[in-house]
$ cat target-v3.txt   # compact mmCIF, C-alpha atoms and all ligand atoms
# COMPACT_ATOMS: atom_id res chain seq x y z
CA MET R 852 -68.17 104.39 -0.28
CA LYS R 853 -71.16 106.64 0.10
CA LEU R 854 -74.10 105.15 1.99
CA ASN R 855 -77.65 105.90 0.93
CA ASP R 856 -79.32 108.72 2.86
CA GLY R 857 -81.31 107.25 5.72
CA TYR R 858 -80.81 104.90 8.65
CA THR R 859 -78.22 102.12 8.71
CA MET R 860 -78.41 98.90 10.72
CA MET R 861 -74.82 97.89 11.30
CA HIS R 862 -74.92 94.19 12.15
CA GLU R 863 -77.46 91.89 10.50
CA HIS R 864 -77.64 88.57 8.69
CA MET R 865 -79.94 87.99 5.72
CA HIS R 866 -78.76 84.48 4.90
CA ILE R 867 -76.85 82.54 7.51
CA ASP R 868 -76.42 78.84 8.23
CA LEU R 869 -74.78 77.82 11.49
CA SER R 870 -76.99 74.75 11.76
CA GLY R 871 -74.15 72.31 10.99
CA VAL R 872 -72.10 73.22 14.04
CA LYS R 873 -75.03 74.14 16.29
CA LYS R 874 -77.02 71.02 15.29
CA ASP R 875 -80.20 73.09 15.20
CA GLN R 876 -82.17 73.79 12.03
CA ASP R 877 -83.47 77.01 13.60
CA CYS R 878 -79.95 78.41 13.01
CA CYS R 879 -80.43 78.23 9.25
CA LEU R 880 -81.90 81.56 8.18
CA ASP R 881 -82.93 80.98 4.58
CA CYS R 882 -86.44 82.40 4.38
CA PHE R 883 -86.34 84.80 1.46
CA ASP R 884 -90.01 85.78 1.28
CA GLU R 885 -90.45 86.34 5.01
CA ILE R 886 -87.25 88.39 5.25
CA CYS R 887 -88.17 90.37 2.17
CA ALA R 888 -91.55 91.31 3.69
CA GLU R 889 -89.81 92.53 6.85
CA LEU R 890 -87.24 94.51 4.84
CA LYS R 891 -90.01 96.38 3.06
CA GLN R 892 -91.32 97.45 6.46
CA LEU R 893 -87.80 98.47 7.49
CA TYR R 894 -87.62 100.63 4.38
CA ALA R 895 -90.84 102.32 5.48
CA TYR R 896 -89.15 103.12 8.80
CA GLY R 897 -86.36 104.88 6.90
CA VAL R 898 -83.69 102.16 6.78
CA ARG R 899 -81.63 102.48 3.61
CA ASN R 900 -78.44 100.51 4.40
CA ILE R 901 -77.66 97.30 6.24
CA TRP R 902 -74.21 95.91 6.98
CA GLU R 903 -74.58 92.20 6.17
CA VAL R 904 -71.90 90.67 8.41
CA THR R 905 -72.20 87.06 7.26
CA ASN R 906 -68.94 85.71 5.82
CA VAL R 907 -67.16 82.58 4.62
CA GLY R 908 -68.18 79.54 6.67
CA MET R 909 -71.35 81.19 8.00
CA GLY R 910 -73.52 80.52 4.95
CA ARG R 911 -72.99 83.84 3.21
CA ASP R 912 -75.10 83.94 0.04
CA VAL R 913 -74.36 86.92 -2.16
CA ASP R 914 -77.08 86.07 -4.70
CA THR R 915 -79.74 86.17 -2.00
CA ILE R 916 -78.40 89.46 -0.65
CA LEU R 917 -78.51 91.04 -4.11
CA LYS R 918 -82.05 89.78 -4.70
CA LEU R 919 -83.17 91.19 -1.34
CA GLU R 920 -81.50 94.48 -2.21
CA LYS R 921 -83.40 94.69 -5.46
CA ALA R 922 -86.72 93.72 -3.91
CA SER R 923 -86.49 95.97 -0.84
CA GLY R 924 -84.60 99.05 -2.03
CA ILE R 925 -82.25 98.70 0.96
CA HIS R 926 -78.54 98.70 0.16
CA PHE R 927 -76.40 95.95 1.70
CA MET R 928 -72.72 96.21 2.55
CA ILE R 929 -71.31 92.72 1.95
CA SER R 930 -68.59 91.24 4.16
CA THR R 931 -65.47 89.16 3.73
CA GLY R 932 -63.50 87.17 6.29
CA CYS R 933 -64.37 84.31 8.63
CA TYR R 934 -66.24 84.16 11.93
CA LYS R 935 -64.56 82.30 14.82
CA ASP R 936 -63.75 78.81 16.01
CA PRO R 937 -65.24 76.31 15.28
CA PHE R 938 -66.95 78.00 12.30
CA ILE R 939 -63.80 78.80 10.31
CA PRO R 940 -63.60 76.36 7.36
CA GLU R 941 -60.66 73.97 7.53
CA ALA R 942 -59.36 75.19 4.16
CA MET R 943 -59.12 78.72 5.58
CA ASN R 944 -57.36 77.53 8.73
CA ARG R 945 -54.68 75.99 6.55
CA LEU R 946 -53.77 79.43 5.10
CA THR R 947 -51.16 81.72 6.59
CA ALA R 948 -52.24 85.14 7.82
CA GLU R 949 -50.83 86.68 4.64
CA GLU R 950 -52.71 84.21 2.44
CA LEU R 951 -55.90 84.81 4.37
CA ALA R 952 -55.39 88.56 3.94
CA ASP R 953 -54.86 88.04 0.21
CA PHE R 954 -58.17 86.17 0.07
CA MET R 955 -59.98 89.07 1.77
CA ILE R 956 -58.26 91.67 -0.42
CA LYS R 957 -59.25 89.73 -3.52
CA GLU R 958 -62.91 89.65 -2.42
CA ILE R 959 -62.73 93.41 -1.82
CA MET R 960 -60.80 94.46 -4.92
CA GLU R 961 -61.87 91.92 -7.54
CA GLY R 962 -65.01 90.13 -6.45
CA ILE R 963 -66.48 87.18 -4.57
CA ASP R 964 -66.34 83.61 -5.94
CA GLY R 965 -65.22 84.72 -9.37
CA SER R 966 -68.09 87.21 -9.70
CA THR R 967 -67.80 90.99 -9.99
CA VAL R 968 -69.67 91.50 -6.72
CA LYS R 969 -67.15 92.97 -4.30
CA ALA R 970 -67.00 92.85 -0.51
CA ASP R 971 -67.44 96.27 1.10
CA ALA R 972 -66.13 95.40 4.53
CA ILE R 973 -64.43 92.88 6.81
CA GLY R 974 -66.67 91.19 9.36
CA GLU R 975 -67.81 89.71 11.55
CA ILE R 976 -64.48 88.35 12.75
CA GLY R 977 -64.55 86.94 16.23
CA THR R 978 -63.04 85.53 19.35
CA SER R 979 -64.37 82.72 21.55
CA LYS R 980 -65.68 83.11 25.08
CA ASN R 981 -62.79 84.40 27.20
CA GLU R 982 -60.44 82.77 24.72
CA TRP R 983 -58.62 84.00 21.63
CA THR R 984 -57.59 80.85 19.76
CA ALA R 985 -54.60 80.60 17.40
CA ASN R 986 -56.91 80.47 14.37
CA GLU R 987 -58.76 83.55 15.60
CA ARG R 988 -55.45 85.37 16.14
CA LYS R 989 -54.50 84.66 12.56
CA LEU R 990 -57.89 85.88 11.41
CA PHE R 991 -57.40 89.23 13.15
CA GLU R 992 -53.85 89.49 11.79
CA ALA R 993 -55.19 88.92 8.28
CA ALA R 994 -58.04 91.40 8.78
CA LEU R 995 -55.50 94.04 9.85
CA ILE R 996 -53.43 93.50 6.74
CA ALA R 997 -56.51 93.66 4.49
CA HIS R 998 -57.84 96.72 6.33
CA LYS R 999 -54.57 98.61 5.95
CA GLU R 1000 -54.39 97.72 2.29
CA THR R 1001 -58.02 98.54 1.39
CA HIS R 1002 -59.11 100.91 4.19
CA LYS R 1003 -62.36 98.94 4.55
CA PRO R 1004 -64.15 98.87 7.92
CA ILE R 1005 -63.85 95.95 10.36
CA TYR R 1006 -66.71 94.63 12.50
CA THR R 1007 -65.74 92.20 15.24
CA HIS R 1008 -67.73 89.58 17.12
CA THR R 1009 -67.12 89.15 20.80
CA THR R 1010 -68.63 86.14 22.51
CA LEU R 1011 -70.85 87.62 25.22
CA ALA R 1012 -68.66 90.74 25.12
CA THR R 1013 -65.59 88.94 26.47
CA LEU R 1014 -62.21 90.20 25.12
CA ALA R 1015 -63.85 93.35 23.74
CA LYS R 1016 -61.12 95.65 25.00
CA ASP R 1017 -58.40 93.17 23.99
CA GLN R 1018 -59.74 93.22 20.43
CA ALA R 1019 -59.87 97.02 20.35
CA LEU R 1020 -56.35 97.40 21.71
CA TYR R 1021 -54.96 94.77 19.38
CA LEU R 1022 -56.42 96.42 16.27
CA VAL R 1023 -55.60 100.01 17.23
CA ASP R 1024 -52.11 99.25 18.55
CA HIS R 1025 -51.30 97.50 15.28
CA GLY R 1026 -52.31 100.43 13.13
CA ALA R 1027 -56.00 99.99 12.34
CA ASP R 1028 -57.93 103.23 11.81
CA PRO R 1029 -60.09 103.45 14.96
CA ASN R 1030 -62.68 105.40 12.96
CA LYS R 1031 -63.32 102.24 10.95
CA VAL R 1032 -63.38 99.62 13.69
CA VAL R 1033 -66.56 98.42 15.41
CA ILE R 1034 -66.31 96.07 18.39
CA GLY R 1035 -69.46 93.97 18.41
CA HIS R 1036 -71.97 92.80 21.00
CA VAL R 1037 -70.61 94.93 23.88
CA ASP R 1038 -74.16 95.46 25.15
CA LEU R 1039 -74.18 91.81 26.25
CA SER R 1040 -71.59 92.57 28.92
CA GLY R 1041 -74.08 94.42 31.10
CA ASP R 1042 -71.01 96.39 32.24
CA LEU R 1043 -71.04 100.08 31.40
CA ASP R 1044 -67.52 100.77 32.67
CA MET R 1045 -66.16 98.03 30.43
CA ILE R 1046 -68.03 99.56 27.48
CA ARG R 1047 -66.56 102.98 28.30
CA SER R 1048 -63.07 101.47 28.40
CA VAL R 1049 -63.54 100.04 24.90
CA ILE R 1050 -64.78 103.41 23.60
CA ALA R 1051 -61.70 105.02 25.18
CA CYS R 1052 -59.59 103.03 22.69
CA GLY R 1053 -61.05 105.26 19.97
CA VAL R 1054 -63.17 102.60 18.29
CA THR R 1055 -66.95 102.37 17.90
CA VAL R 1056 -68.96 99.81 19.85
CA GLY R 1057 -72.03 97.90 18.73
CA PHE R 1058 -75.21 97.86 20.80
CA ASP R 1059 -76.17 95.27 18.27
CA THR R 1060 -78.19 92.66 20.13
CA ILE R 1061 -81.16 94.91 20.81
CA GLY R 1062 -84.25 92.93 21.70
CA LYS R 1063 -82.35 89.89 22.96
CA ASN R 1064 -83.89 90.37 26.35
CA ASN R 1065 -83.03 86.85 27.49
CA TYR R 1066 -79.35 87.92 27.47
CA LEU R 1067 -79.81 91.49 28.73
CA PRO R 1068 -83.05 93.41 29.23
CA ASP R 1069 -83.51 96.37 26.90
CA GLU R 1070 -84.12 98.58 29.95
CA LYS R 1071 -80.39 98.16 30.68
CA ARG R 1072 -79.47 99.07 27.10
CA ILE R 1073 -81.60 102.21 27.38
CA GLU R 1074 -80.01 103.10 30.72
CA PHE R 1075 -76.51 102.65 29.24
CA LEU R 1076 -77.27 104.68 26.11
CA LEU R 1077 -78.60 107.56 28.20
CA ALA R 1078 -75.45 107.47 30.34
CA LEU R 1079 -73.23 107.45 27.24
CA GLU R 1080 -75.22 110.34 25.78
CA LYS R 1081 -74.50 112.31 28.97
CA ASP R 1082 -70.79 111.46 28.57
CA GLY R 1083 -70.89 112.74 24.97
CA LEU R 1084 -69.81 109.32 23.65
CA LEU R 1085 -72.64 108.34 21.31
CA ASN R 1086 -70.52 109.30 18.31
CA GLN R 1087 -68.87 105.92 19.00
CA VAL R 1088 -71.99 103.73 19.21
CA VAL R 1089 -74.00 101.97 16.49
CA LEU R 1090 -77.26 100.00 16.74
CA SER R 1091 -78.56 96.69 15.39
CA GLU R 1092 -80.35 93.48 16.34
CA ASP R 1093 -78.20 90.62 15.01
CA LEU R 1094 -81.04 88.25 14.11
CA THR R 1095 -79.69 84.80 13.19
CA ARG R 1096 -82.55 82.35 13.64
CA LYS R 1097 -85.85 81.59 11.93
CA SER R 1098 -87.47 81.94 15.34
CA HIS R 1099 -86.21 85.54 15.49
CA LEU R 1100 -88.45 86.44 12.55
CA LYS R 1101 -92.02 87.67 12.85
CA TYR R 1102 -93.60 84.73 11.03
CA LYS R 1103 -92.24 82.42 13.73
CA GLY R 1104 -93.34 84.69 16.54
CA GLY R 1105 -89.97 86.42 16.96
CA ILE R 1106 -89.24 90.14 17.33
CA GLY R 1107 -88.36 90.68 13.64
CA TYR R 1108 -85.97 93.20 12.08
CA CYS R 1109 -88.36 96.12 12.73
CA TYR R 1110 -88.30 95.71 16.52
CA LEU R 1111 -85.62 98.41 16.80
CA PHE R 1112 -87.97 100.96 15.24
CA GLU R 1113 -91.31 99.58 16.45
CA SER R 1114 -90.42 99.06 20.06
CA PHE R 1115 -86.92 100.01 21.18
CA ILE R 1116 -86.50 103.50 19.72
CA PRO R 1117 -89.86 104.82 20.93
CA LYS R 1118 -88.90 103.70 24.45
CA LEU R 1119 -85.43 105.21 24.09
CA LEU R 1120 -86.82 108.59 23.02
CA GLU R 1121 -89.45 108.49 25.71
CA ALA R 1122 -86.70 107.88 28.26
CA GLY R 1123 -85.14 111.15 27.13
CA LEU R 1124 -82.58 110.40 24.42
CA SER R 1125 -82.53 113.16 21.79
CA GLN R 1126 -83.38 112.69 18.12
CA ALA R 1127 -79.93 114.14 17.34
CA SER R 1128 -78.27 111.34 19.33
CA LEU R 1129 -80.38 108.78 17.54
CA ASP R 1130 -79.39 110.22 14.16
CA GLN R 1131 -75.76 110.16 15.30
CA MET R 1132 -75.93 106.39 15.90
CA LEU R 1133 -78.13 105.45 12.94
CA ILE R 1134 -76.89 107.88 10.27
CA HIS R 1135 -73.68 109.79 10.98
CA ASN R 1136 -71.58 107.08 12.65
CA PRO R 1137 -72.25 104.57 9.87
CA GLN R 1138 -71.42 107.25 7.27
CA ARG R 1139 -68.13 107.96 9.00
CA ILE R 1140 -67.25 104.27 9.30
CA PHE R 1141 -67.91 103.67 5.58
CA GLY R 1142 -66.55 107.03 4.42
CA GLU R 1143 -63.38 107.32 2.36
ZN ZN B 1201 -71.69 88.02 16.28

$ encode --input "target-v3.txt" --output "structure tokens"
Amino acid sequence: MKLNDGYTMMHEHMHIDLSGVKKDQDCCLDCFDEICAELKQLYAYGVRNIWEVTNVGMGRDVDTILKLEKASGIHFMISTGCYKDPFIPEAMNRLTAEELADFMIKEIMEGIDGSTVKADAIGEIGTSKNEWTANERKLFEAALIAHKETHKPIYTHTTLATLAKDQALYLVDHGADPNKVVIGHVDLSGDLDMIRSVIACGVTVGFDTIGKNNYLPDEKRIEFLLALEKDGLLNQVVLSEDLTRKSHLKYKGGIGYCYLFESFIPKLLEAGLSQASLDQMLIHNPQRIFGE
């Protein structure tokens, strides 16, 4: 598929509900008006595409996404698949890898929930912290089958960046197109050598928790990005914020979706990163990942 000309944020949620498992109402992001207002600002910053990585079991709401698309002018790439334990619905866990793959392929080729709205991508599929459960194994197996059949991109979730290289090796060794695989949340590792080792697998990595300074200060992210620019590796890096909570939004005092453009990028450019490198991460890499 052809993305709209402009910037692309590669890992965001517009409607997500993890409040059941997390027992915290803050984890239910269902604030249409507030999100819509922020998206209009994002549009003004030049954002034209967002990969919406919410999937089955996470509170994906295609109607809301389409309404936000219409209201904001930003195009959303919609995802299929499931997240990770314990968020994978029981009914999905009962399926075999082949059946799970068939489900994903159907959402990509025919449509979601009997509608004609099709999934554009597989994501975010994840592993637990330092542990790859049997259900999560099956999920990756299914994603591989669906990816090979449809050639749609895959975005993974790592829990605090653990198993990032394992995920990359698994997907690439089993025939995934490395040009279409993004390993998520690697910035949370705080370990540049580990990040380099994931990139060496040929895949793209997500610096996709920008602004989550309680996990890793943005100064570190900037330092890492400058080092990767020096290495000539930014053609394998994409950027996003991964907001998932009401308290992440501006109206609740959070950083909001525009933080990347309001705060992070000015600092990154001031620290010496080139505009060309920025365009690589925000325009050209997403185009390649979603290209035919
Ligand atoms: Zn994630």

$ residues_near_ligand --input "target-v3.txt" --ligand "ligand ZN 1201 (chain B)" --cutoff "10 Å" --atoms "only C-alpha atoms and all ligand atoms" --output "PyMOL selection string"
chain R and resi 862-864+904-905+934-935+974-978+1006-1012+1034-1036+1059-1060+1093-1095

$ residues_around --input "target-v3.txt" --residues "R:Ser923" --least-positions-apart "2" --cutoff "10 Å" --atoms "all atoms listed in the file" --output "VMD selection string"
chain R and resid 886 to 895 899 917 to 921 925 to 926

$ write_last_selection --input "target-v3.txt" --atoms "C-alpha atoms" --output "short mmCIF file (atom, residue, chain, number, x, y, z; two decimals), in the frame of the given file"
data_model
loop_
_atom_site.label_atom_id
_atom_site.label_comp_id
_atom_site.auth_asym_id
_atom_site.auth_seq_id
_atom_site.Cartn_x
_atom_site.Cartn_y
_atom_site.Cartn_z
CA ILE R 886 -87.25 88.39 5.25
CA CYS R 887 -88.17 90.37 2.17
CA ALA R 888 -91.55 91.31 3.69
CA GLU R 889 -89.81 92.53 6.85
CA LEU R 890 -87.24 94.51 4.84
CA LYS R 891 -90.01 96.38 3.06
CA GLN R 892 -91.32 97.45 6.46
CA LEU R 893 -87.80 98.47 7.49
CA TYR R 894 -87.62 100.63 4.38
CA ALA R 895 -90.84 102.32 5.48
CA ARG R 899 -81.63 102.48 3.61
CA LEU R 917 -78.51 91.04 -4.11
CA LYS R 918 -82.05 89.78 -4.70
CA LEU R 919 -83.17 91.19 -1.34
CA GLU R 920 -81.50 94.48 -2.21
CA LYS R 921 -83.40 94.69 -5.46
CA ILE R 925 -82.25 98.70 0.96
CA HIS R 926 -78.54 98.70 0.16
#

$ residues_near_point --input "target-v3.txt" --point "(-75.3, 103.4, 13.7)" --cutoff "8 Å" --atoms "only C-alpha atoms" --output "PDB file with C-alpha atoms, keeping the file's coordinate frame"
ATOM      1  CA  TYR R 858     -80.810 104.900   8.650  1.00  0.00           C
ATOM      2  CA  THR R 859     -78.220 102.120   8.710  1.00  0.00           C
ATOM      3  CA  MET R 860     -78.410  98.900  10.720  1.00  0.00           C
ATOM      4  CA  MET R 861     -74.820  97.890  11.300  1.00  0.00           C
ATOM      5  CA  VAL R1088     -71.990 103.730  19.210  1.00  0.00           C
ATOM      6  CA  VAL R1089     -74.000 101.970  16.490  1.00  0.00           C
ATOM      7  CA  LEU R1090     -77.260 100.000  16.740  1.00  0.00           C
ATOM      8  CA  SER R1091     -78.560  96.690  15.390  1.00  0.00           C
ATOM      9  CA  ASP R1130     -79.390 110.220  14.160  1.00  0.00           C
ATOM     10  CA  GLN R1131     -75.760 110.160  15.300  1.00  0.00           C
ATOM     11  CA  MET R1132     -75.930 106.390  15.900  1.00  0.00           C
ATOM     12  CA  LEU R1133     -78.130 105.450  12.940  1.00  0.00           C
ATOM     13  CA  ILE R1134     -76.890 107.880  10.270  1.00  0.00           C
ATOM     14  CA  HIS R1135     -73.680 109.790  10.980  1.00  0.00           C
ATOM     15  CA  ASN R1136     -71.580 107.080  12.650  1.00  0.00           C
ATOM     16  CA  PRO R1137     -72.250 104.570   9.870  1.00  0.00           C
TER      17      PRO R1137
END

$ residues_around --input "target-v3.txt" --residues "R:Ala1051" --least-positions-apart "4" --cutoff "10 Å" --atoms "all atoms listed in the file" --output "ChimeraX atom specification"
/R:1016,1019-1020,1045-1047,1055,1084,1087

$ atom_distance --input "target-v3.txt" --atom1 "atom CA of R:Ile959" --atom2 "atom CA of R:Pro1029"
19.7 Å

$ atom_distance --input "target-v3.txt" --atom1 "atom CA of R:Cys878" --atom2 "atom CA of R:Leu951"
26.3 Å

$ closest_residue --input "target-v3.txt" --among "R:Gly1142, R:Gly1062, R:Arg1072, R:Asn900" --to "R:Leu1100" --atoms "all atoms listed in the file"
R:Gly1062

$ axis_aligned_box --input "target-v3.txt" --around "stretch 1060-1079 of chain R" --padding-each-side "8 Å" --output "AutoDock Vina command-line options"
--center_x -78.7 --center_y 97.2 --center_z 25.4 --size_x 27.0 --size_y 36.7 --size_z 26.6

$ closest_residue --input "target-v3.txt" --among "R:Leu1111, R:Val1054, R:Leu869, R:Leu854" --to "R:Ala1027" --atoms "only C-alpha atoms"
R:Val1054

$ atom_distance --input "target-v3.txt" --atom1 "atom CA of R:Arg1096" --atom2 "atom CA of R:Asp877"
5.4 Å

$ closest_residue --input "target-v3.txt" --among "R:Cys882, R:Ile963, R:Met955, R:Ile867" --to "R:Tyr1102" --atoms "only C-alpha atoms"
R:Cys882

$ closest_residue --input "target-v3.txt" --among "R:Asp868, R:Glu1121, R:Asp971, R:Asp953" --to "R:Ile1005" --atoms "only C-alpha atoms"
R:Asp971

$ residues_around --input "target-v3.txt" --residues "R:Ala970" --least-positions-apart "3" --cutoff "8 Å" --atoms "only C-alpha atoms" --output "count of residues only"
10

$ closest_residue --input "target-v3.txt" --among "R:Lys1031, R:Arg1139, R:Arg988, R:Lys1071" --to "R:Leu1043" --atoms "only C-alpha atoms"
R:Lys1071

$ residues_around --input "target-v3.txt" --residues "R:Asp1044" --least-positions-apart "6" --cutoff "12 Å" --atoms "only C-alpha atoms" --output "list in words"
Lys1016, Val1037, Asp1038, Ile1050, Ala1051, Phe1075, Ala1078, Leu1079 and Asp1082 of chain R

$ closest_residue --input "target-v3.txt" --among "R:Lys874, R:His1025, R:Lys1003, R:His1099" --to "R:Phe991" --atoms "all atoms listed in the file"
R:His1025

$ closest_atom_pairs --input "target-v3.txt" --of "stretch 862-947 of chain R" --to "stretch 979-984 of chain R" --cutoff "12 Å" --atoms "all atoms listed in the file" --output "Markdown table"
| residue | atom | partner | partner_atom | distance |
| --- | --- | --- | --- | --- |
| R:Tyr934 | CA | R:Ser979 | CA | 9.9 |
| R:Lys935 | CA | R:Ser979 | CA | 6.7 |
| R:Asp936 | CA | R:Ser979 | CA | 6.8 |
| R:Pro937 | CA | R:Ser979 | CA | 9.0 |
| R:Phe938 | CA | R:Ser979 | CA | 10.7 |
| R:Ile939 | CA | R:Thr984 | CA | 11.5 |
| R:Asn944 | CA | R:Thr984 | CA | 11.5 |
